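All remarks here apply to the structure that follows.
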Amino acid sequence: MNDFSKQTLEKIKKEKVHPKPRWYFLTRNYFFWLMFALTTLLGGIAFGMILFITTNLDWDIYQYLGFSLPKAIIVSLPYLWIALLIFFLFVTYYNFRNTRRGYRYRFIFIFLISLLISVLIGCGFYYYGWSETVETQLRKRLPGYQRMVYTSENQWMQPENGLLSGTIIEINAEETSLRLKDYHNKEWIVNIRQAMIRSNVTLTENMELRIIGQKETEDVFIANEIRIRMRGHQQQQGRGRR
């Protein structure tokens with residue numbers, strides 16, 4: 001036995017080093033696989049939110065805001081969810097690398113596979129309306145969420161720029177005006193006498209509207225065009241019937 005081997009054995013005895021049992025490595029491996037699955041799922045949710053928010057915006061109204069298309073894209077991107085998606089992708093990579101054979105794979109391979117899985121999960125979340133459910137709950141339960149993410153509510157709640165959105169409370173008997181409660185719980189009288197109604201539907205109470213027009217006074221709005229707000233699952237059903 002050479003000097004190096006003797007020194008190693010003496011060090012092991014002195015420091016009382018013991019080999020780790022097999023269950024330790026199995027548990028560690030299962031833990032990182034579980035975390036890999038969890039962070040991939042979270043990345044999928046983040047992608048689903050990006051998809052929901054961007055597709056729910058109306059990209060043809062930026063002329064009313066005086067924006068060019070590039071500026072509109074910069075303003076509207078959901079940076080919070082993009083940052084979360086990137087974060088979860090890197091955590092997913094770290095978890096996979098720490099599995100039993102994860103070290104064999106290159107960064108770009110793991111990253112792209114994780115991104116692909118997240119995209120597929122996110123598309124599923126969006127298609128079945130779960131992304132919309134998450135977004136609704138966040139708006140209700142997380143103070144300041146709407147200030148962190150530019151949603152369709154932010155886009156349409158700009159009466160000074162001719163954009164108003166909310167829910168019909170009441171329609172007058174002549175159907176020339178209606179009372180609307182906006183997303184800030186403020187009530188408006190909306191003149192719809194000359195308004196063009198998209199989708200050719202009859203307006204009813206509790207219907208959500210997006211209105212293009214002019215603000216006349218602090219609580220009166222004149223509508224030029226009315227769009228019916230369709231929720232995510234309604235949009236999917238509409239596409240399916242085409």
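Identifiers in the structure tokens: chain A, B, ... in order shown; residue index from 1 per chain; ligand index from 1 in order shown.
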Discussion item. I need the residues in segment 17-230 of chain A that are helix (DSSP H, G or I) according to DSSP; give them as a PyMOL selection string.
Written reply: chain A and resi 22-56+62-64+69-76+79-97+102-104+107-127+130-141+145-148+152-156+159-161+198-200
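Using only C-alpha atoms, the residues found no farther than 12 Å from segment 168-173 of chain A, other than those of its own chain fewer than 6 positions away, are Arg179, Leu180, Lys181, Asp182, Tyr183, Asn185, Lys186, Glu187, Trp188, Ile189, Val190, Asn191, Ile192, Arg193, Thr202, Leu203, Thr204, Glu205, Asn206, Met207, Glu208, Leu209, Arg210, Ile211, Ile226, Ile228 and Arg229 of chain A.
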Mind dumping a table of every segment 161-199 of chain A residue within 12 Å of segment 51-70 of chain A, with the nearest atom pair and its distance in Å to one decimal, using only C-alpha atoms, sorted by chain and rising number, as CSV?
residue,atom,partner,partner_atom,distance
A:Asn161,CA,A:Leu65,CA,6.2
A:Gly162,CA,A:Tyr64,CA,7.0
A:Leu163,CA,A:Tyr64,CA,8.0
A:Leu164,CA,A:Tyr64,CA,11.8
Worksheet item: Do you know which residues are at most 12 Å from Phe32 of chain A counting only C-alpha atoms, after dropping those on the same chain fewer than 4 positions away, and could you put them as a list in words?
Response: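 In the requested format, the answer is Phe25, Leu26, Thr27, Arg28, Phe36, Ala37, Leu38, Thr39, Thr40, Val91, Thr92, Tyr93, Tyr94, Asn95, Phe96, Arg97, Asn98, Thr99, Arg100, Arg101 and Gly102 of chain A.
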Worksheet item: For the atom pair atom CA of Glu160 of chain A and atom CA of Leu142 of chain A, what is the interatomic distance in Å to one decimal place?
Response: 26.9 Å
